[in-house]
$ cat start-v1.txt   # compact mmCIF, C-alpha atoms and all ligand atoms
# COMPACT_ATOMS: atom_id res chain seq x y z
CA MET A 1 49.35 97.32 95.25
CA ARG A 2 51.79 95.38 93.08
CA THR A 3 53.84 92.81 94.99
CA ASP A 4 57.52 92.73 94.08
CA PRO A 5 58.10 89.64 91.91
CA LEU A 6 61.82 89.87 92.74
CA ALA A 7 61.31 89.75 96.52
CA TYR A 8 62.90 86.31 96.66
CA LEU A 9 66.24 87.89 95.71
CA SER A 10 66.29 89.87 98.94
CA SER A 11 65.74 86.73 100.98
CA GLU A 12 68.58 85.00 99.11
CA LEU A 13 70.81 87.94 99.98
CA ASP A 14 69.72 87.67 103.63
CA THR A 15 70.76 84.02 103.57
CA LEU A 16 74.20 85.00 102.27
CA LYS A 17 74.49 87.57 105.07
CA ALA A 18 73.48 84.99 107.68
CA GLN A 19 76.17 82.63 106.33
CA GLY A 20 78.84 85.34 106.44
CA LEU A 21 79.21 85.08 102.65
CA TYR A 22 77.76 88.42 101.61
CA ARG A 23 80.34 90.46 99.74
CA HIS A 24 80.66 94.22 99.46
CA LEU A 25 82.42 95.37 96.31
CA ARG A 26 85.74 96.90 97.23
CA ILE A 27 86.19 100.21 95.43
CA LEU A 28 89.57 101.01 93.87
CA GLU A 29 90.47 104.69 94.06
CA GLY A 30 93.16 105.40 91.49
CA GLU A 31 95.25 102.96 89.49
CA GLN A 32 95.43 99.17 89.64
CA GLY A 33 98.95 98.75 91.01
CA PRO A 34 101.06 96.62 93.37
CA THR A 35 100.01 99.01 96.13
CA ALA A 36 96.66 100.70 95.78
CA THR A 37 93.86 102.43 97.64
CA PHE A 38 90.67 100.46 98.10
CA ASP A 39 87.80 101.72 100.25
CA HIS A 40 89.98 104.67 101.36
CA ARG A 41 92.70 102.34 102.66
CA GLY A 42 96.23 101.99 101.31
CA ILE A 43 97.07 98.31 100.88
CA VAL A 44 99.55 95.92 99.32
CA ASN A 45 97.48 94.54 96.48
CA LEU A 46 97.57 90.73 96.20
CA SER A 47 94.24 90.47 94.39
CA SER A 48 94.71 91.65 90.83
CA ASN A 49 95.56 89.61 87.73
CA ASN A 50 97.86 92.42 86.62
CA TYR A 51 100.78 89.96 86.56
CA LEU A 52 103.23 92.16 84.67
CA GLY A 53 101.99 95.56 85.79
CA LEU A 54 100.86 96.38 82.25
CA THR A 55 97.64 98.16 83.36
CA THR A 56 99.78 101.25 83.86
CA HIS A 57 102.73 100.58 81.53
CA PRO A 58 103.70 103.83 79.72
CA ARG A 59 103.82 102.18 76.28
CA LEU A 60 100.27 100.83 76.61
CA ARG A 61 98.98 104.09 78.02
CA GLU A 62 100.49 106.11 75.16
CA ALA A 63 99.22 103.65 72.53
CA ALA A 64 95.69 103.87 73.94
CA LEU A 65 95.78 107.67 74.06
CA ALA A 66 97.09 107.94 70.49
CA ALA A 67 94.44 105.52 69.20
CA THR A 68 91.69 107.48 70.94
CA ARG A 69 92.97 110.74 69.44
CA ASP A 70 93.31 109.27 65.94
CA LEU A 71 90.38 106.85 65.80
CA GLY A 72 87.82 107.88 68.41
CA VAL A 73 86.43 106.12 71.46
CA GLY A 74 84.34 103.35 69.91
CA SER A 75 84.14 101.03 66.94
CA GLY A 76 80.45 101.68 66.43
CA SER A 77 79.41 98.21 65.29
CA VAL A 78 79.83 94.49 65.68
CA ARG A 79 82.78 92.97 63.83
CA THR A 80 80.62 91.37 61.12
CA ILE A 81 78.90 94.60 60.07
CA ALA A 82 80.95 97.81 60.24
CA GLY A 83 83.02 97.26 63.39
CA THR A 84 86.17 95.61 62.05
CA MET A 85 88.83 98.34 62.05
CA ASP A 86 92.30 97.77 60.65
CA ILE A 87 93.64 98.01 64.20
CA HIS A 88 91.54 94.92 65.13
CA MET A 89 93.05 93.01 62.21
CA GLU A 90 96.55 94.16 63.15
CA LEU A 91 96.07 92.87 66.70
CA GLU A 92 94.91 89.49 65.39
CA ARG A 93 97.93 89.24 63.06
CA ARG A 94 100.32 90.18 65.88
CA LEU A 95 98.80 87.64 68.26
CA ALA A 96 98.86 84.86 65.64
CA ALA A 97 102.57 85.49 64.98
CA PHE A 98 103.23 85.62 68.73
CA LYS A 99 101.35 82.37 69.39
CA LYS A 100 102.84 80.69 66.29
CA THR A 101 99.42 79.71 64.92
CA GLU A 102 97.87 80.33 61.51
CA ALA A 103 95.30 82.80 62.79
CA VAL A 104 93.67 84.45 65.79
CA VAL A 105 90.24 85.93 66.48
CA VAL A 106 89.84 88.48 69.27
CA PHE A 107 86.72 88.56 71.45
CA GLN A 108 85.46 91.22 73.87
CA SER A 109 86.62 89.16 76.87
CA GLY A 110 88.16 85.82 77.77
CA PHE A 111 84.74 84.76 78.98
CA ALA A 112 83.23 85.52 75.56
CA ALA A 113 86.12 83.70 73.84
CA ASN A 114 85.59 80.49 75.82
CA ALA A 115 81.82 80.47 75.88
CA GLY A 116 81.45 81.62 72.28
CA THR A 117 83.94 79.09 70.94
CA VAL A 118 82.75 75.98 72.75
CA ALA A 119 79.15 76.78 71.86
CA ALA A 120 80.06 77.34 68.20
CA VAL A 121 82.22 74.28 67.49
CA LEU A 122 79.90 71.69 69.11
CA SER A 123 76.25 70.78 68.69
CA LYS A 124 73.76 68.56 70.45
CA ASP A 125 75.08 65.19 69.25
CA ASP A 126 78.63 66.01 70.47
CA PHE A 127 80.45 65.62 73.79
CA VAL A 128 82.49 67.91 76.04
CA VAL A 129 85.01 66.16 78.27
CA SER A 130 85.94 68.75 80.87
CA ASP A 131 88.14 69.01 83.99
CA GLU A 132 85.94 69.54 87.06
CA LEU A 133 87.72 72.78 87.94
CA ASN A 134 87.48 74.40 84.52
CA HIS A 135 86.39 78.03 84.41
CA ALA A 136 82.73 79.08 84.48
CA SER A 137 82.95 80.38 80.90
CA ILE A 138 83.81 76.86 79.68
CA ILE A 139 80.90 75.43 81.65
CA ASP A 140 78.50 78.02 80.24
CA GLY A 141 79.77 77.52 76.67
CA SER A 142 79.35 73.77 77.09
CA ARG A 143 75.76 74.21 78.24
CA LEU A 144 75.00 76.58 75.36
CA SER A 145 76.36 74.07 72.85
CA ARG A 146 73.75 71.48 74.00
CA ALA A 147 76.46 68.82 73.75
CA THR A 148 76.55 66.14 76.46
CA ILE A 149 78.88 67.26 79.24
CA LYS A 150 81.19 64.69 80.84
CA VAL A 151 83.23 65.99 83.76
CA PHE A 152 86.40 64.20 84.92
CA PRO A 153 88.04 64.64 88.36
CA HIS A 154 90.66 67.37 88.50
CA LYS A 155 93.72 66.45 86.41
CA ASP A 156 92.73 62.78 86.38
CA VAL A 157 93.97 61.86 82.92
CA ASP A 158 93.05 58.16 83.28
CA ALA A 159 89.48 59.15 84.09
CA ALA A 160 89.37 61.44 81.04
CA ARG A 161 90.69 58.57 78.92
CA LYS A 162 88.01 56.20 80.22
CA VAL A 163 85.29 58.75 79.44
CA LEU A 164 86.57 59.16 75.87
CA ARG A 165 87.03 55.43 75.36
CA ASP A 166 83.36 54.81 76.15
CA LEU A 167 81.98 57.56 73.91
CA PRO A 168 80.63 56.77 70.44
CA VAL A 169 83.10 59.15 68.81
CA ARG A 170 85.95 58.54 66.40
CA SER A 171 87.77 61.05 64.22
CA GLY A 172 86.14 61.81 60.89
CA THR A 173 82.37 61.93 60.66
CA GLY A 174 79.87 61.41 63.44
CA PRO A 175 79.64 62.89 66.90
CA ARG A 176 82.70 64.81 68.04
CA ALA A 177 84.36 65.13 71.42
CA LEU A 178 86.09 68.21 72.78
CA LEU A 179 88.65 67.58 75.54
CA ILE A 180 89.19 70.76 77.51
CA THR A 181 91.31 72.00 80.40
CA ASP A 182 92.46 75.26 81.89
CA GLY A 183 96.19 75.84 81.38
CA VAL A 184 96.44 77.35 84.87
CA PHE A 185 93.58 76.84 87.29
CA SER A 186 92.50 80.18 88.67
CA MET A 187 91.64 79.17 92.23
CA ASP A 188 94.52 76.75 92.93
CA GLY A 189 97.23 78.08 90.65
CA ASP A 190 98.19 74.58 89.47
CA LEU A 191 98.83 73.66 85.84
CA GLY A 192 96.48 71.59 83.69
CA ALA A 193 97.62 68.12 82.60
CA VAL A 194 98.20 69.51 79.11
CA PRO A 195 100.73 67.05 77.55
CA ASP A 196 98.97 63.94 78.87
CA LEU A 197 95.57 65.20 77.77
CA CYS A 198 97.01 65.96 74.30
CA ARG A 199 98.04 62.29 74.10
CA VAL A 200 94.56 61.14 75.10
CA ALA A 201 92.92 63.50 72.61
CA GLU A 202 95.15 62.15 69.85
CA GLU A 203 94.35 58.55 70.80
CA PHE A 204 90.61 59.11 70.35
CA GLY A 205 90.59 61.81 67.67
CA ALA A 206 89.13 64.39 70.06
CA ILE A 207 89.45 68.14 69.60
CA MET A 208 91.96 69.47 72.18
CA MET A 209 91.29 72.88 73.76
CA VAL A 210 93.24 74.80 76.45
CA ASP A 211 92.08 77.93 78.25
CA ASP A 212 95.32 79.79 78.92
CA ALA A 213 93.79 82.85 80.59
CA HIS A 214 96.21 82.81 83.53
CA ALA A 215 99.15 81.49 81.51
CA SER A 216 99.16 84.23 78.87
CA GLY A 217 102.12 86.50 79.64
CA VAL A 218 103.19 84.24 82.51
CA PHE A 219 104.28 80.79 81.19
CA GLY A 220 106.36 79.87 78.15
CA ALA A 221 108.94 81.90 76.22
CA ASN A 222 107.96 85.61 76.42
CA GLY A 223 104.67 84.54 78.03
CA ARG A 224 103.38 82.46 75.11
CA GLY A 225 101.45 80.22 77.50
CA THR A 226 101.34 76.58 78.57
CA ILE A 227 101.42 75.23 75.01
CA ASP A 228 104.90 76.75 74.69
CA HIS A 229 105.84 75.88 78.30
CA PHE A 230 105.06 72.20 77.72
CA GLY A 231 106.37 72.16 74.12
CA VAL A 232 103.07 70.96 72.64
CA HIS A 233 102.85 73.37 69.69
CA GLY A 234 100.64 71.90 66.95
CA ARG A 235 98.89 69.49 69.32
CA VAL A 236 96.28 71.83 70.81
CA ASP A 237 93.57 72.63 68.27
CA ILE A 238 92.03 75.55 70.14
CA GLN A 239 94.06 77.87 72.38
CA VAL A 240 92.27 80.58 74.35
CA GLY A 241 94.09 83.49 75.95
CA THR A 242 92.99 86.68 77.65
CA LEU A 243 94.03 90.26 77.13
CA SER A 244 92.49 91.17 80.50
CA LYS A 245 95.02 89.75 82.92
CA ALA A 246 98.80 89.86 82.24
CA ILE A 247 98.17 91.86 79.05
CA GLY A 248 96.65 94.55 81.25
CA ALA A 249 93.72 95.70 79.09
CA LEU A 250 90.57 93.77 78.13
CA GLY A 251 89.62 90.94 75.80
CA GLY A 252 90.13 87.33 74.93
CA TYR A 253 91.33 85.51 71.86
CA VAL A 254 91.32 82.14 70.17
CA ALA A 255 94.46 80.97 68.36
CA GLY A 256 94.37 78.07 65.92
CA SER A 257 94.02 77.12 62.27
CA ARG A 258 92.78 79.55 59.63
CA ALA A 259 89.66 77.36 59.17
CA LEU A 260 88.85 77.48 62.90
CA ILE A 261 89.16 81.26 63.01
CA GLU A 262 87.08 81.81 59.86
CA PHE A 263 84.43 79.45 61.23
CA LEU A 264 84.32 81.49 64.46
CA TYR A 265 83.99 84.68 62.38
CA HIS A 266 80.79 83.11 61.01
CA ARG A 267 79.38 81.26 64.03
CA ALA A 268 80.70 82.55 67.39
CA ARG A 269 77.78 84.48 68.80
CA PRO A 270 79.70 87.10 70.89
CA PHE A 271 81.68 87.91 67.71
CA LEU A 272 78.52 88.23 65.65
CA PHE A 273 76.22 89.94 68.11
CA SER A 274 78.30 92.20 70.37
CA THR A 275 80.25 95.34 69.47
CA SER A 276 84.02 95.10 69.01
CA HIS A 277 86.69 96.71 71.18
CA PRO A 278 87.27 100.44 71.16
CA PRO A 279 90.45 101.30 69.22
CA ALA A 280 92.24 102.22 72.48
CA VAL A 281 91.89 98.64 73.74
CA ALA A 282 93.22 97.12 70.51
CA ALA A 283 96.11 99.59 70.47
CA ALA A 284 97.02 98.88 74.10
CA CYS A 285 97.00 95.13 73.39
CA ILE A 286 99.31 95.57 70.38
CA ALA A 287 101.68 97.58 72.58
CA ALA A 288 101.47 94.77 75.17
CA VAL A 289 102.65 92.24 72.58
CA ASP A 290 105.62 94.57 71.89
CA VAL A 291 106.37 94.63 75.62
CA LEU A 292 106.18 90.81 75.91
CA GLU A 293 108.63 90.50 73.01
CA GLN A 294 111.00 93.27 74.11
CA GLU A 295 110.88 93.31 77.94
CA PRO A 296 111.21 89.68 79.08
CA GLN A 297 112.74 90.97 82.34
CA LEU A 298 109.18 91.71 83.50
CA ILE A 299 108.35 87.99 83.37
CA GLU A 300 111.61 87.17 85.17
CA ARG A 301 110.70 89.62 87.95
CA LEU A 302 107.23 88.08 88.21
CA TRP A 303 108.78 84.66 88.75
CA ASP A 304 111.42 85.95 91.23
CA ASN A 305 108.65 87.54 93.27
CA THR A 306 106.51 84.42 92.99
CA ARG A 307 109.30 82.19 94.35
CA PHE A 308 110.05 84.61 97.19
CA PHE A 309 106.43 84.98 98.29
CA LYS A 310 105.51 81.31 98.01
CA ALA A 311 108.56 80.31 100.05
CA GLY A 312 107.58 82.92 102.68
CA LEU A 313 104.02 81.60 103.00
CA LYS A 314 105.25 78.02 103.26
CA ALA A 315 107.82 78.98 105.90
CA LEU A 316 104.91 80.30 107.98
CA GLY A 317 103.38 76.83 107.82
CA LEU A 318 100.41 77.93 105.69
CA ASN A 319 98.66 75.49 103.37
CA THR A 320 99.36 76.74 99.84
CA GLY A 321 97.88 73.72 98.08
CA ALA A 322 99.26 72.60 94.73
CA SER A 323 100.12 75.98 93.24
CA GLU A 324 102.76 76.17 90.49
CA SER A 325 102.10 79.73 89.36
CA PRO A 326 101.94 83.30 90.73
CA ILE A 327 98.46 82.41 92.05
CA THR A 328 99.01 81.04 95.56
CA PRO A 329 96.00 80.14 97.69
CA VAL A 330 96.16 80.05 101.47
CA ILE A 331 93.65 77.31 102.23
CA VAL A 332 91.99 77.54 105.65
CA GLY A 333 88.91 75.28 105.40
CA GLU A 334 85.64 76.97 106.41
CA GLY A 335 84.17 79.80 104.32
CA ALA A 336 83.53 82.11 107.29
CA LEU A 337 87.16 81.72 108.47
CA ALA A 338 88.50 82.57 104.98
CA MET A 339 86.34 85.71 104.88
CA LYS A 340 87.49 86.67 108.37
CA LEU A 341 91.14 86.16 107.41
CA SER A 342 90.65 88.30 104.30
CA ASP A 343 88.97 91.07 106.34
CA ARG A 344 91.69 91.07 109.02
CA LEU A 345 94.46 91.12 106.40
CA PHE A 346 92.74 94.08 104.75
CA ALA A 347 92.46 95.93 108.05
CA GLU A 348 96.23 95.44 108.48
CA GLY A 349 97.00 96.68 104.94
CA VAL A 350 96.98 93.57 102.71
CA PHE A 351 94.29 92.82 100.12
CA ALA A 352 93.93 89.07 99.49
CA GLN A 353 90.46 88.05 98.35
CA GLY A 354 88.52 85.48 100.38
CA ILE A 355 87.00 82.69 98.27
CA ALA A 356 84.41 80.19 99.52
CA PHE A 357 81.78 77.71 98.32
CA PRO A 358 80.42 77.51 95.61
CA THR A 359 83.55 78.90 93.89
CA VAL A 360 85.67 76.29 95.70
CA ALA A 361 84.74 73.14 97.66
CA ARG A 362 83.03 73.74 101.04
CA ASP A 363 86.03 72.59 103.09
CA LYS A 364 88.65 74.32 100.90
CA ALA A 365 87.81 77.98 101.45
CA ARG A 366 90.83 80.23 101.11
CA VAL A 367 92.28 83.59 100.54
CA ARG A 368 93.95 83.86 97.16
CA THR A 369 97.20 85.75 96.72
CA ILE A 370 98.59 86.90 93.39
CA VAL A 371 101.97 88.61 93.20
CA THR A 372 103.01 90.75 90.26
CA ALA A 373 106.29 91.75 88.62
CA THR A 374 105.95 95.25 90.05
CA HIS A 375 105.76 94.38 93.76
CA THR A 376 108.92 95.33 95.65
CA ARG A 377 110.54 92.92 98.09
CA ASP A 378 109.63 95.28 100.95
CA GLU A 379 105.96 95.16 99.96
CA LEU A 380 105.98 91.38 99.78
CA GLN A 381 107.84 91.10 103.10
CA PHE A 382 105.26 93.44 104.67
CA ALA A 383 102.49 91.16 103.38
CA LEU A 384 104.22 88.10 104.83
CA ASP A 385 104.59 89.84 108.21
CA VAL A 386 100.87 90.65 108.19
CA PHE A 387 100.01 87.04 107.29
CA LYS A 388 102.13 85.95 110.26
CA LYS A 389 100.41 88.31 112.68
CA VAL A 390 96.82 87.70 111.53
CA GLY A 391 97.31 83.97 110.90
CA GLY A 392 98.58 83.62 114.50
CA GLU A 393 95.68 85.64 115.88
CA LEU A 394 93.07 83.48 114.09
CA GLY A 395 94.79 80.20 115.00
CA ILE A 396 95.61 79.43 111.35
CA ILE A 397 99.32 79.51 112.10
CA LYS A 398 100.17 77.24 115.03
CA HIS A 399 103.33 77.89 117.04
C1 LIG B 1 90.54 80.44 83.78
C2 LIG B 1 89.84 81.65 83.25
N1 LIG B 1 89.36 81.63 82.00
C3 LIG B 1 88.73 82.69 81.47
C4 LIG B 1 88.54 83.85 82.22
C5 LIG B 1 87.80 85.00 81.61
O1 LIG B 1 88.67 86.00 81.17
P1 LIG B 1 88.20 87.51 81.09
O2 LIG B 1 88.36 88.11 82.43
O3 LIG B 1 89.10 88.09 80.04
O4 LIG B 1 86.77 87.49 80.63
C6 LIG B 1 89.03 83.93 83.51
C7 LIG B 1 88.87 85.19 84.29
O5 LIG B 1 88.24 85.32 85.25
C8 LIG B 1 89.70 82.80 84.05
O6 LIG B 1 90.15 82.82 85.30
$ encode --input "start-v1.txt" --output "structure tokens"
Amino acid sequence: MRTDPLAYLSSELDTLKAQGLYRHLRILEGEQGPTATFDHRGIVNLSSNNYLGLTTHPRLREAALAATRDLGVGSGSVRTIAGTMDIHMELERRLAAFKKTEAVVVFQSGFAANAGTVAAVLSKDDFVVSDELNHASIIDGSRLSRATIKVFPHKDVDAARKVLRDLPVRSGTGPRALLITDGVFSMDGDLGAVPDLCRVAEEFGAIMMVDDAHASGVFGANGRGTIDHFGVHGRVDIQVGTLSKAIGALGGYVAGSRALIEFLYHRARPFLFSTSHPPAVAAACIAAVDVLEQEPQLIERLWDNTRFFKAGLKALGLNTGASESPITPVIVGEGALAMKLSDRLFAEGVFAQGIAFPTVARDKARVRTIVTATHTRDELQFALDVFKKVGGELGIIKH
């Protein structure tokens, strides 16, 4: 009889179970909203990246339906063969105007945008200088590029400078260096050291790249991201954004010079070798840009809710780390405690995802909360009351 060559996977899963780190997928029944039904339970939803509530915005819904009616459900090809529809080009033009860059290329996801871009612009003689908490897609893209990876401690600009100073790179010919940071860090909700890193990149002629996945639609005028928030337009060579979080649909994009975008059209492997978005996705994203430009009150509501909820968590004495964004962690220490807190919150009607090692450091396990523009004050107050009750029960809140 054939022995199962994948048997070792079952024992790895058993180890996760023994450590209390095994995760069941929670199943969403119905729409992704500020309140929702997961696993047959109605909850206040503090786990989505649907910052502006655009997953269900009527203008996006209608645009997607109209595009499906007029253009069908799929593009039928990769972009470089027969899969570039005029609606894809329109989305890229709209995003470039919105981001105030020469051009934009859209990818199937933010992950594909980061990984595909880093891998395309660097090769084995080059260097990536990367914040230790940068997203997995940056790490994977860096590995795929075969460049040498140098990691600097989180937001430690002096350390990044020292790394660059000691590399055999100067602008012009020869090996290149890419200095890269998240705009907003997804587990801690703090902002990258964007202006200081721009200065360091300029000093050493490095390419500057920012992954603004969690800043798109959240920071800067009309949600233009951290480059706008920090006033560093023209100083970041490669800006990545997603269409999957605040924009409410799916995708990622790179904004930059015309030459960068045309190069990625030729060399970014997810662009070359994976089918483009269905027309409905492109249409929904175009409608989302309209909403960002015409309904700035959504972003104001997001920030009002963020201030209210953060203040409430802090007033309970919870450790919310260094967050500066709508992502607010509640850091409890041990992984098993974070998972228990998340489970108890869920049982009481609040969904805040537990996050443990290896996603965060072993002693910094947490539940992560994300408020949206569409939460009501009553919903957020309910969530705070549940945090108070469960936090007290588990000894996380001391009285
Ligand atoms: C910082 C960061 N970058 C990139 C991504 C990937 O974006 P997407 O979900 O569009 O693939 C994520 C999402 O998980 C993220 O948190």
$ atom_distance --input "start-v1.txt" --atom1 "CA of Leu16 in chain A" --atom2 "CA of Ala336 in chain A"
11.0 Å
$ residues_near_ligand --input "start-v1.txt" --ligand "ligand LIG 1 (chain B)" --cutoff "9 Å" --atoms "all atoms listed in the file" --output "PyMOL selection string"
chain A and resi 49+107-114+134-138+182-187+211-215+240-245+249-253
$ residues_around --input "start-v1.txt" --residues "Glu295 in chain A" --least-positions-apart "3" --cutoff "12 Å" --atoms "all atoms listed in the file" --output "NGL selection string"
:A and (52 or 54 or 57 or 59 or 217 or 221-223 or 287-292 or 298-301 or 373)
$ write_last_selection --input "start-v1.txt" --atoms "C-alpha atoms" --output "compact mmCIF listing (two decimals), in the coordinates of the input"
# COMPACT_ATOMS: atom_id res chain seq x y z
CA LEU A 52 103.23 92.16 84.67
CA LEU A 54 100.86 96.38 82.25
CA HIS A 57 102.73 100.58 81.53
CA ARG A 59 103.82 102.18 76.28
CA GLY A 217 102.12 86.50 79.64
CA ALA A 221 108.94 81.90 76.22
CA ASN A 222 107.96 85.61 76.42
CA GLY A 223 104.67 84.54 78.03
CA ALA A 287 101.68 97.58 72.58
CA ALA A 288 101.47 94.77 75.17
CA VAL A 289 102.65 92.24 72.58
CA ASP A 290 105.62 94.57 71.89
CA VAL A 291 106.37 94.63 75.62
CA LEU A 292 106.18 90.81 75.91
CA LEU A 298 109.18 91.71 83.50
CA ILE A 299 108.35 87.99 83.37
CA GLU A 300 111.61 87.17 85.17
CA ARG A 301 110.70 89.62 87.95
CA ALA A 373 106.29 91.75 88.62
$ residues_around --input "start-v1.txt" --residues "Pro175 in chain A" --least-positions-apart "3" --cutoff "7 Å" --atoms "all atoms listed in the file" --output "number ranges by chain"
A: 125-126, 169
$ axis_aligned_box --input "start-v1.txt" --around "range 70-86 of chain A" --padding-each-side "8 Å" --output "lines of an AutoDock Vina configuration file"
center_x = 86.1
center_y = 100.3
center_z = 65.8
size_x = 30.4
size_y = 33.9
size_z = 27.4
$ residues_around --input "start-v1.txt" --residues "Asp196 in chain A" --least-positions-apart "6" --cutoff "10 Å" --atoms "all atoms listed in the file" --output "PDB file with C-alpha atoms, in the coordinates of the input"
ATOM      1  CA  LYS A 155      93.720  66.450  86.410  1.00  0.00           C
ATOM      2  CA  ASP A 156      92.730  62.780  86.380  1.00  0.00           C
ATOM      3  CA  VAL A 157      93.970  61.860  82.920  1.00  0.00           C
ATOM      4  CA  ASP A 158      93.050  58.160  83.280  1.00  0.00           C
ATOM      5  CA  ARG A 161      90.690  58.570  78.920  1.00  0.00           C
ATOM      6  CA  GLU A 202      95.150  62.150  69.850  1.00  0.00           C
TER       7      GLU A 202
END
$ closest_residue --input "start-v1.txt" --among "A:Gly256, A:Pro329, A:Pro278, A:Pro358" --to "Val105 in chain A" --atoms "all atoms listed in the file"
A:Gly256
$ closest_residue --input "start-v1.txt" --among "A:Glu379, A:Ala352, A:Glu334, A:Ala97" --to "Lys364 in chain A" --atoms "only C-alpha atoms"
A:Glu334
$ decode --input "start-v1.txt" --residues "range 242-260 of chain A" --atoms "N, CA and C atoms" --output "compact mmCIF listing (two decimals), in the first residue's frame"
# COMPACT_ATOMS: atom_id res chain seq x y z
N THR A 242 -3.37 49.08 -2.40
CA THR A 242 -4.27 47.97 -2.74
C THR A 242 -5.64 48.51 -3.09
N LEU A 243 -6.36 47.67 -3.81
CA LEU A 243 -7.76 47.93 -4.14
C LEU A 243 -8.63 46.97 -3.34
N SER A 244 -7.99 46.22 -2.42
CA SER A 244 -8.68 45.14 -1.70
C SER A 244 -9.12 45.56 -0.30
N LYS A 245 -8.65 46.67 0.17
CA LYS A 245 -8.95 47.03 1.56
C LYS A 245 -9.93 48.21 1.55
N ALA A 246 -9.46 49.46 1.74
CA ALA A 246 -10.42 50.58 1.77
C ALA A 246 -11.19 50.70 0.46
N ILE A 247 -10.59 50.29 -0.65
CA ILE A 247 -11.26 50.44 -1.95
C ILE A 247 -12.38 49.41 -2.12
N GLY A 248 -12.36 48.38 -1.29
CA GLY A 248 -13.52 47.50 -1.16
C GLY A 248 -13.65 46.38 -2.17
N ALA A 249 -12.74 46.30 -3.16
CA ALA A 249 -12.91 45.26 -4.18
C ALA A 249 -11.72 44.29 -4.13
N LEU A 250 -10.84 44.35 -5.11
CA LEU A 250 -9.71 43.41 -5.16
C LEU A 250 -8.65 43.97 -6.08
N GLY A 251 -7.41 43.84 -5.69
CA GLY A 251 -6.32 44.24 -6.59
C GLY A 251 -5.25 45.03 -5.87
N GLY A 252 -4.18 45.30 -6.61
CA GLY A 252 -3.11 46.14 -6.10
C GLY A 252 -2.59 46.96 -7.26
N TYR A 253 -1.86 48.01 -6.96
CA TYR A 253 -1.31 48.81 -8.05
C TYR A 253 0.02 49.40 -7.66
N VAL A 254 0.79 49.74 -8.70
CA VAL A 254 2.05 50.44 -8.51
C VAL A 254 1.92 51.77 -9.22
N ALA A 255 2.26 52.85 -8.51
CA ALA A 255 2.22 54.20 -9.08
C ALA A 255 3.65 54.72 -9.14
N GLY A 256 4.01 55.32 -10.27
CA GLY A 256 5.36 55.86 -10.40
C GLY A 256 5.57 56.47 -11.76
N SER A 257 6.82 56.44 -12.22
CA SER A 257 7.14 57.07 -13.51
C SER A 257 6.62 56.20 -14.66
N ARG A 258 6.47 56.82 -15.82
CA ARG A 258 6.04 56.08 -17.01
C ARG A 258 7.03 54.93 -17.30
N ALA A 259 8.34 55.21 -17.14
CA ALA A 259 9.34 54.16 -17.44
C ALA A 259 9.18 52.97 -16.49
N LEU A 260 8.95 53.26 -15.20
CA LEU A 260 8.76 52.16 -14.24
C LEU A 260 7.57 51.31 -14.66
